[in-house]
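So this one's coords.txt, compact mmCIF, C-alpha atoms:
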# COMPACT_ATOMS: atom_id res chain seq x y z
CA MET A 1099 0.00 0.00 0.00
CA TYR A 1100 2.74 2.42 1.01
CA CYS A 1101 4.65 1.51 -2.12
CA VAL A 1102 1.63 2.31 -4.28
CA VAL A 1103 1.10 5.67 -2.58
CA PHE A 1104 4.80 6.45 -2.81
CA ASN A 1105 4.85 5.60 -6.51
CA ARG A 1106 1.82 7.78 -7.13
CA MET A 1107 3.38 10.64 -5.20
CA GLN A 1108 6.61 10.19 -7.14
CA SER A 1109 4.72 10.13 -10.43
CA SER A 1110 2.69 13.17 -9.44
CA SER A 1111 5.84 15.02 -8.41
CA TRP A 1112 7.51 14.17 -11.72
CA CYS A 1113 4.48 15.38 -13.70
CA HIS A 1114 4.41 18.56 -11.64
CA ARG A 1115 8.10 19.22 -12.30
CA ARG A 1116 7.61 18.54 -16.00
CA TYR A 1117 4.66 20.95 -16.11
CA VAL A 1118 6.63 23.66 -14.30
CA CYS A 1119 9.58 23.18 -16.68
CA CYS A 1120 7.29 23.54 -19.68
CA ILE A 1121 5.78 26.71 -18.23
CA LEU A 1122 9.25 28.13 -17.60
CA LEU A 1123 10.32 27.22 -21.14
CA VAL A 1124 7.29 28.95 -22.61
CA GLY A 1125 7.88 32.03 -20.50
CA LEU A 1126 11.59 32.14 -21.28
CA THR A 1127 10.97 31.80 -25.02
CA GLY A 1128 8.45 34.62 -24.96
CA LEU A 1129 10.76 36.77 -22.86
CA LEU A 1130 13.66 36.25 -25.26
CA LEU A 1131 11.50 37.22 -28.22
CA LEU A 1132 10.27 40.36 -26.47
CA LEU A 1133 13.78 41.31 -25.36
CA GLY A 1134 15.05 40.78 -28.88
CA LEU A 1135 12.39 43.04 -30.32
CA ARG A 1136 12.96 45.73 -27.67
CA CYS A 1137 16.71 45.66 -28.25
CA MET A 1138 16.15 46.02 -31.97
CA GLN A 1139 14.01 49.09 -31.37
CA ARG A 1140 17.14 50.80 -30.01
CA TRP A 1141 19.01 50.36 -33.28
CA PRO A 1142 19.09 53.33 -35.68
CA HIS A 1143 16.18 53.06 -38.08
CA ASN A 1144 16.84 52.90 -41.79
CA VAL A 1145 13.20 53.55 -42.62
CA THR A 1146 11.49 56.77 -41.58
CA GLU A 1147 8.78 56.67 -38.94
CA THR A 1148 6.24 57.83 -41.52
CA ASN A 1149 6.89 54.68 -43.53
CA THR A 1150 6.79 52.07 -40.77
CA LEU A 1151 6.93 48.53 -42.10
CA THR A 1152 4.56 45.85 -40.84
CA PRO A 1153 4.38 42.14 -41.72
CA ASP A 1154 0.86 42.60 -43.10
CA THR A 1155 1.79 45.32 -45.59
CA VAL A 1156 5.49 45.00 -46.44
CA GLU A 1157 6.25 43.74 -49.96
CA LEU A 1158 9.25 41.55 -49.22
CA ILE A 1159 11.01 39.48 -51.87
CA PHE A 1160 12.22 36.06 -50.72
CA VAL A 1161 14.87 34.35 -52.87
CA GLY A 1162 15.38 30.62 -52.35
CA GLY A 1163 16.15 27.29 -53.93
CA HIS A 1164 18.33 24.28 -53.28
CA PRO A 1165 20.85 25.39 -50.61
CA SER A 1166 23.89 24.56 -52.76
CA SER A 1167 24.86 26.11 -56.09
CA ALA A 1168 21.36 26.77 -57.44
CA GLY A 1169 21.97 30.37 -58.50
CA THR A 1170 20.43 32.15 -55.50
CA GLY A 1171 23.60 34.18 -54.98
CA LEU A 1172 23.62 35.47 -58.55
CA MET A 1173 19.95 36.37 -58.32
CA ARG A 1174 20.48 38.26 -55.09
CA VAL A 1175 23.26 40.51 -56.48
CA MET A 1176 21.31 41.17 -59.67
CA LEU A 1177 18.31 42.27 -57.61
CA ASP A 1178 20.54 44.29 -55.30
CA ALA A 1179 21.91 46.19 -58.29
CA HIS A 1180 18.45 47.66 -58.91
CA PRO A 1181 18.18 51.16 -57.34
CA MET A 1182 14.78 50.39 -55.80
CA ILE A 1183 15.77 47.06 -54.21
CA ARG A 1184 18.04 46.15 -51.33
CA CYS A 1185 18.94 42.45 -51.32
CA GLY A 1186 21.79 41.87 -48.90
CA ALA A 1187 23.80 38.94 -47.62
CA GLU A 1188 22.24 35.99 -45.83
CA PRO A 1189 20.96 37.06 -42.37
CA LEU A 1190 21.87 33.64 -40.89
CA VAL A 1191 19.28 33.79 -38.08
CA THR A 1192 16.06 33.25 -40.04
CA PHE A 1193 16.45 29.51 -40.48
CA ASP A 1194 17.14 28.87 -36.79
CA LEU A 1195 14.10 30.90 -35.78
CA LEU A 1196 11.82 29.12 -38.26
CA LYS A 1197 13.18 25.75 -37.19
CA ILE A 1198 12.47 26.48 -33.53
CA ARG A 1199 8.96 27.68 -34.37
CA HIS A 1200 8.16 24.41 -36.15
CA SER A 1201 9.88 22.08 -33.66
CA LYS A 1202 7.29 22.33 -30.88
CA ASN A 1203 5.28 19.19 -30.25
CA ASP A 1204 1.60 18.98 -29.30
CA GLN A 1205 2.35 18.66 -25.58
CA TRP A 1206 4.40 21.85 -25.68
CA LYS A 1207 1.62 23.66 -27.55
CA ARG A 1208 -0.99 22.54 -25.00
CA VAL A 1209 1.13 23.80 -22.11
CA ALA A 1210 1.75 27.07 -23.95
CA LYS A 1211 -1.99 27.60 -24.45
CA GLU A 1212 -2.61 26.95 -20.75
CA ALA A 1213 -0.06 29.69 -20.08
CA GLY A 1214 -2.00 32.01 -22.38
CA VAL A 1215 0.50 31.87 -25.23
CA TYR A 1216 -1.29 30.83 -28.42
CA PRO A 1217 0.37 29.94 -31.75
CA GLU A 1218 -0.59 33.26 -33.34
CA VAL A 1219 1.42 35.07 -30.66
CA TYR A 1220 4.56 33.28 -31.80
CA ASP A 1221 3.65 33.87 -35.44
CA HIS A 1222 3.41 37.62 -34.81
CA ALA A 1223 6.70 37.60 -32.89
CA VAL A 1224 8.52 35.56 -35.55
CA ALA A 1225 7.25 37.84 -38.34
CA ALA A 1226 8.24 40.98 -36.44
CA PHE A 1227 11.70 39.59 -35.66
CA ILE A 1228 12.43 38.55 -39.25
CA LEU A 1229 11.18 41.86 -40.64
CA LYS A 1230 13.25 43.89 -38.21
CA VAL A 1231 16.41 41.92 -39.04
CA ILE A 1232 15.87 42.44 -42.78
CA GLU A 1233 15.03 46.10 -42.29
CA GLU A 1234 18.14 46.86 -40.23
CA MET A 1235 20.65 44.90 -42.35
CA GLY A 1236 21.37 47.77 -44.70
CA PRO A 1237 20.24 51.09 -46.17
CA SER A 1238 16.61 51.88 -46.80
CA ALA A 1239 14.97 50.85 -50.07
CA LYS A 1240 11.47 50.73 -51.45
CA TYR A 1241 11.69 46.94 -51.76
CA LEU A 1242 13.52 44.72 -49.31
CA CYS A 1243 14.75 41.26 -50.20
CA HIS A 1244 15.73 38.21 -48.14
CA LYS A 1245 18.02 35.49 -49.48
CA GLU A 1246 18.78 32.49 -47.29
CA PRO A 1247 18.33 29.27 -49.30
CA VAL A 1248 17.99 26.98 -46.28
CA THR A 1249 14.73 28.74 -45.41
CA THR A 1250 13.13 27.69 -48.72
CA PRO A 1251 11.26 24.74 -47.12
CA TYR A 1252 9.42 27.37 -45.06
CA PHE A 1253 8.18 29.37 -48.06
CA LYS A 1254 4.53 28.52 -47.33
CA TYR A 1255 4.84 29.66 -43.72
CA LEU A 1256 6.64 32.86 -44.77
CA ALA A 1257 3.86 33.49 -47.29
CA PHE A 1258 1.41 33.26 -44.39
CA LEU A 1259 3.45 35.60 -42.17
CA PHE A 1260 3.94 38.16 -44.95
CA PRO A 1261 0.78 38.12 -47.12
CA LYS A 1262 2.08 40.76 -49.57
CA SER A 1263 5.47 39.12 -50.09
CA LYS A 1264 6.67 37.42 -53.26
CA PHE A 1265 8.94 34.43 -53.74
CA VAL A 1266 11.64 33.64 -56.30
CA HIS A 1267 12.60 29.96 -56.60
CA MET A 1268 15.92 29.40 -58.35
CA LEU A 1269 16.05 26.07 -60.19
CA ARG A 1270 19.17 24.42 -61.60
CA ASP A 1271 19.93 21.06 -63.23
CA GLY A 1272 20.42 18.70 -60.30
CA ARG A 1273 23.52 17.21 -61.90
CA GLY A 1274 25.15 20.63 -61.96
CA VAL A 1275 24.04 21.34 -58.38
CA VAL A 1276 25.53 18.10 -57.06
CA ALA A 1277 28.80 18.34 -59.00
CA SER A 1278 29.31 21.96 -57.96
CA SER A 1279 28.49 21.20 -54.33
CA ILE A 1280 31.00 18.34 -54.26
CA ALA A 1281 33.70 20.43 -55.95
CA ARG A 1282 33.20 23.16 -53.33
CA HIS A 1283 33.24 20.56 -50.53
CA LEU A 1284 29.73 21.52 -49.45
CA ILE A 1285 28.79 17.84 -49.58
CA SER A 1286 30.90 14.68 -49.72
CA GLY A 1287 31.65 13.08 -53.06
CA GLY A 1288 33.49 10.10 -54.43
CA LYS A 1289 33.05 7.29 -56.87
CA GLY A 1290 30.55 5.40 -54.71
CA ASN A 1291 26.85 6.11 -54.32
CA GLU A 1292 27.29 9.54 -52.69
CA THR A 1293 26.56 11.26 -56.00
CA GLU A 1294 23.33 9.32 -56.46
CA ARG A 1295 22.25 9.96 -52.88
CA ALA A 1296 22.85 13.70 -53.24
CA LEU A 1297 20.93 13.83 -56.52
CA ARG A 1298 17.96 12.01 -55.01
CA GLN A 1299 17.97 14.51 -52.15
CA TRP A 1300 17.93 17.30 -54.75
CA GLU A 1301 14.94 15.64 -56.44
CA THR A 1302 12.98 15.38 -53.19
CA MET A 1303 13.70 18.96 -52.18
CA VAL A 1304 12.95 20.53 -55.56
CA LYS A 1305 9.67 18.61 -55.87
CA THR A 1306 8.58 19.96 -52.50
CA ILE A 1307 9.63 23.51 -53.33
CA MET A 1308 7.79 23.51 -56.66
CA LYS A 1309 4.64 22.12 -55.06
CA ASP A 1310 4.83 24.77 -52.35
CA CYS A 1311 5.36 27.44 -54.99
CA ASN A 1312 2.23 26.29 -56.83
CA SER A 1313 0.33 26.27 -53.54
CA ILE A 1314 1.40 29.84 -52.74
CA GLY A 1315 0.10 30.90 -56.15
CA LEU A 1316 1.50 31.94 -59.52
CA ASP A 1317 0.92 35.58 -58.64
CA ARG A 1318 3.24 35.31 -55.63
CA CYS A 1319 5.80 32.62 -56.47
CA ILE A 1320 7.89 32.27 -59.62
CA THR A 1321 10.51 29.71 -60.67
CA ILE A 1322 13.54 30.94 -62.60
CA ARG A 1323 15.89 28.47 -64.28
CA TYR A 1324 19.49 29.29 -63.46
CA GLU A 1325 20.58 28.16 -66.92
CA LYS A 1326 18.15 30.52 -68.65
CA LEU A 1327 19.10 33.35 -66.31
CA VAL A 1328 22.71 32.95 -67.45
CA LEU A 1329 22.01 32.41 -71.17
CA GLU A 1330 19.06 34.78 -71.59
CA SER A 1331 19.66 37.22 -68.74
CA GLU A 1332 17.68 40.17 -70.06
CA LEU A 1333 14.66 38.10 -71.07
CA GLU A 1334 14.50 36.28 -67.73
CA MET A 1335 15.05 39.38 -65.61
CA LYS A 1336 12.40 41.32 -67.49
CA ARG A 1337 10.03 38.42 -66.87
CA LEU A 1338 10.92 38.54 -63.19
CA PHE A 1339 10.43 42.29 -62.86
CA LYS A 1340 7.07 42.05 -64.59
CA PHE A 1341 6.12 39.46 -61.97
CA LEU A 1342 7.39 41.71 -59.16
CA HIS A 1343 5.64 44.80 -60.61
CA ILE A 1344 8.89 46.76 -60.30
CA PRO A 1345 10.15 49.04 -63.11
CA TRP A 1346 12.85 47.54 -65.31
CA ASP A 1347 16.42 48.84 -65.03
CA PRO A 1348 19.18 47.39 -67.27
CA ILE A 1349 21.80 47.93 -64.55
CA VAL A 1350 20.78 44.54 -63.11
CA LEU A 1351 22.55 42.95 -66.09
CA ARG A 1352 25.84 44.67 -65.18
CA HIS A 1353 26.12 44.17 -61.43
CA GLU A 1354 29.91 43.72 -61.69
CA THR A 1355 30.25 47.39 -62.71
CA ILE A 1356 28.79 48.68 -59.43
CA LEU A 1357 30.35 46.35 -56.85
CA GLU A 1358 30.98 49.24 -54.47
CA SER A 1359 27.24 49.93 -54.38
CA LEU A 1360 26.14 46.37 -53.64
CA THR A 1361 25.00 45.53 -50.12
CA HIS A 1362 27.42 43.58 -47.92
CA LEU A 1363 29.27 41.13 -50.16
CA ASN A 1364 30.02 38.65 -47.39
CA PRO A 1365 33.48 37.04 -47.87
CA PHE A 1366 32.31 34.04 -45.83
CA GLU A 1367 29.67 33.08 -48.39
CA PRO A 1368 31.25 30.55 -50.83
CA SER A 1369 29.82 32.14 -53.98
CA THR A 1370 30.82 35.74 -53.21
CA ILE A 1371 33.97 35.56 -55.34
CA GLN A 1372 31.81 34.74 -58.37
CA PHE A 1373 29.89 38.00 -57.94
CA MET A 1374 32.99 39.96 -58.90
CA LYS A 1375 32.65 38.69 -62.46
CA LYS A 1376 30.08 39.46 -65.10
CA ILE A 1377 27.48 36.84 -65.93
CA HIS A 1378 29.10 33.99 -67.88
CA PRO A 1379 28.08 30.47 -68.98
CA HIS A 1380 31.39 28.72 -68.31
CA SER A 1381 30.18 26.67 -65.35
CA LEU A 1382 26.85 25.52 -66.79
CA GLY A 1383 28.03 22.25 -68.33
CA LYS A 1384 31.18 21.87 -66.28
CA TRP A 1385 29.68 18.90 -64.41
CA SER A 1386 29.61 16.82 -67.63
CA ARG A 1387 33.37 17.03 -68.11
CA LEU A 1388 35.68 14.52 -66.43
CA ASN A 1389 35.65 15.15 -62.70
CA GLU A 1390 37.31 12.81 -60.24
CA ASN A 1391 35.08 14.02 -57.41
CA VAL A 1392 31.82 12.69 -58.84
CA ASN A 1393 30.47 9.44 -60.21
CA GLU A 1394 30.61 10.44 -63.87
CA GLU A 1395 28.97 7.24 -65.09
CA PHE A 1396 25.95 7.88 -62.89
CA LEU A 1397 25.66 11.53 -63.97
CA ARG A 1398 25.77 10.44 -67.61
CA THR A 1399 22.68 8.25 -67.14
CA ALA A 1400 21.03 10.03 -64.20
CA ASP A 1401 18.14 11.35 -66.30
CA LYS A 1402 17.00 7.72 -66.71
CA THR A 1403 16.68 7.10 -62.97
CA ILE A 1404 16.02 10.57 -61.50
CA HIS A 1405 12.57 11.21 -62.91
CA LEU A 1406 12.48 14.91 -62.06
CA LEU A 1407 15.37 15.54 -64.47
CA HIS A 1408 13.15 14.15 -67.23
CA ASP A 1409 10.06 16.05 -66.04
CA LEU A 1410 11.96 19.34 -66.07
CA GLY A 1411 13.33 18.77 -69.58
CA TYR A 1412 16.93 18.08 -68.64
CA SER A 1413 16.88 14.67 -70.34
CA ASP A 1414 16.18 16.18 -73.77
CA ILE A 1415 19.16 18.51 -74.13
CA GLY A 1416 21.91 15.99 -74.89
CA TYR A 1417 25.18 15.08 -73.22
CA PRO A 1418 27.15 17.26 -72.78
CA PRO A 1419 24.05 19.39 -72.21
CA ASP A 1420 22.95 22.21 -74.50
CA TYR A 1421 20.93 24.34 -72.11
CA SER A 1422 19.71 26.60 -74.90
CA LYS A 1423 17.35 23.74 -75.79
CA LEU A 1424 15.53 23.81 -72.45
CA PRO A 1425 11.75 24.24 -72.77
CA ALA A 1426 10.32 27.64 -71.95
CA ASN A 1427 7.63 26.31 -69.63
CA LEU A 1428 7.90 24.25 -66.48
CA PRO A 1429 5.53 21.42 -65.53
CA GLU A 1430 3.05 21.90 -62.70
CA LEU A 1431 3.90 19.25 -60.13
CA THR A 1432 0.98 17.92 -58.12
Would you write the structure of this file as structure tokens?
Amino acid sequence: MYCVVFNRMQSSSWCHRRYVCCILLVGLTGLLLLLGLRCMQRWPHNVTETNTLTPDTVELIFVGGHPSSAGTGLMRVMLDAHPMIRCGAEPLVTFDLLKIRHSKNDQWKRVAKEAGVYPEVYDHAVAAFILKVIEEMGPSAKYLCHKEPVTTPYFKYLAFLFPKSKFVHMLRDGRGVVASSIARHLISGGKGNETERALRQWETMVKTIMKDCNSIGLDRCITIRYEKLVLESELEMKRLFKFLHIPWDPIVLRHETILESLTHLNPFEPSTIQFMKKIHPHSLGKWSRLNENVNEEFLRTADKTIHLLHDLGYSDIGYPPDYSKLPANLPELT
């Protein structure tokens, strides 16, 4: 009898401690968010008080795609070259914040609600935090842009937080993405099955991104092929600016001539050195040439086993690839 009572008391005490810990965690998280926002309010504002930005009204531009070698860096400097747009370096904190927001389990959410902290409270705090970081990262501009490829899986959530925002998905041939990533030591390579594994991961991620883009809506999310951006820069950028409803300016085609005006070229970002050069096609088909870091035999036949390569038209352009033969339209993945 005493053992039963003791066990119940022990269990009750454990549950009580767990509940208290959850309450403290909820309170601490909220406090950190509030402190972060209050600290940010002390920073010098780049936007005048008469033009206060809010998540509901700000027209942000989010640039994303596969995290490695998909052309997001080139897109960001081309946008940043436009006098009405500020598209700076990766803010680094957005992904961690979004990951934390989506990592809470049902038990945590129930405890949070009991404490009076509902999901929309965190949504408002996350949106305000992200917006303030973007706003304070550089000089004022009519249109602000955010480029952090690892946040691309959260496009749908960002579209919810910022209802007037627009999204640019950069798409590149998965074979080129994988070969470039291996050459830059962003992922492991070798003659084994690492190349195939990386390409299948690319397929899974790109499928998800394109489905999310379709879900967000064609009026808010656009996919730009990296290969077409390089080969037909003016045509693709004019298409993009029509989508963004921002006046065209040809300076975006000559970003390398105004490097001193670009926002924070971060030397720690692997692709920054490429921004010093004008747009060139030299790296497009580089993956198809002999490369000891990748499984060349697999890349040569990958379009037969990686179905998305076929669906996106990459299997119809030959080997080595002639990217000028890519179809103009992309399929709608369901």
_To one decimal place in Å, what is the distance between CA of Lys1254 in chain A and CA of Tyr1241 in chain A?_
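Between these atoms lies a distance of 20.3 Å.
With all atoms listed in the file as the basis for measurement, A:Met1176 is the residue among A:Leu1424, A:Met1176, A:Ile1280, A:Asp1409 that approaches Lys1336 in chain A most closely.
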So that I can see what lies close to Lys1305 in chain A, please list as a PDB file with C-alpha atoms, in the frame of the given file the residues with an atom at most 10 Å from it, counting all atoms listed in the file and leaving out residues fewer than 5 positions away in the same chain.
ATOM      1  CA  GLN A1299      17.970  14.510 -52.150  1.00  0.00           C
ATOM      2  CA  TRP A1300      17.930  17.300 -54.750  1.00  0.00           C
ATOM      3  CA  ASP A1310       4.830  24.770 -52.350  1.00  0.00           C
ATOM      4  CA  CYS A1311       5.360  27.440 -54.990  1.00  0.00           C
ATOM      5  CA  LEU A1406      12.480  14.910 -62.060  1.00  0.00           C
ATOM      6  CA  LEU A1431       3.900  19.250 -60.130  1.00  0.00           C
ATOM      7  CA  THR A1432       0.980  17.920 -58.120  1.00  0.00           C
TER       8      THR A1432
END
*Which polymer residues have any atom within 12 Å of an atom of Gly1171 in chain A, counting all atoms listed in the file, with same-chain residues fewer than 4 positions away left out, as a ChimeraX atom specification?*
/A:1161-1167,1175-1178,1185-1188,1244-1247,1267-1268,1324,1363-1364,1367-1374,1377
*asked:* Would you compute the distance between CA of Glu1395 in chain A and CA of Asp1414 in chain A? Give it in Å to one decimal.
replied: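 Distance reported for this atom pair: 17.9 Å.
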*Go ahead and compute the interatomic distance for CA of Ile1356 in chain A and CA of Thr1192 in chain A, in Å to one decimal.*
27.9 Å
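Nearest to Arg1270 in chain A of all the residues A:Glu1325, A:Glu1234, A:Glu1218, A:Glu1332 is A:Glu1325, counting all atoms listed in the file.
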*Nearest to Asn1291 in chain A among A:Ser1263, A:Leu1195, A:Glu1394, A:Tyr1216, with distances taken over only C-alpha atoms: which residue is it?*
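Going through A:Ser1263, A:Leu1195, A:Glu1394, A:Tyr1216 one by one, the smallest distance to Asn1291 in chain A is for A:Glu1394.
Taking only C-alpha atoms into account, Lys1264 in chain A lies nearest to A:Glu1157 out of the set A:Glu1157, A:Asp1401, A:Glu1334, A:Glu1430.
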Determine the axis-aligned bounding box of all atoms of range 1370-1384 of chain A present in the file, pad each side by 5 Å, and express its centre and edge lengths in Å to one decimal place as AutoDock Vina command-line options.
--center_x 30.4 --center_y 30.9 --center_z -61.1 --size_x 17.1 --size_y 28.1 --size_z 25.8
_Can you tell me which residues surround Thr1152 in chain A at a distance of at most 9 Å, considering all atoms listed in the file, apart from same-chain residues fewer than 5 positions away, and format the answer as JSON, numbers by chain?_
{"A": [1225, 1226, 1229, 1260]}
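For the residues A:Leu1172, A:Val1392, A:Ile1159, A:Ala1257, ranking by smallest atom-to-atom distance to Asp1221 in chain A using all atoms listed in the file places A:Ala1257 first.
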*May I ask which of the residues A:Thr1155, A:Val1191, A:Asn1312, A:His1180 is the closest one to Leu1360 in chain A, counting only C-alpha atoms?*
A:His1180
_Nearby residues (all atoms listed in the file) at most 12 Å from Asp1194 in chain A, same-chain spacing under 3 positions excluded, as a list in words_ =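 Skipping anything fewer than 3 positions along the chain leaves Pro1189, Leu1190, Val1191, Lys1197, Ile1198, Arg1199, His1200, Ser1201, Val1224, Ile1228, Glu1246, Val1248, Thr1249 and Tyr1252 of chain A.
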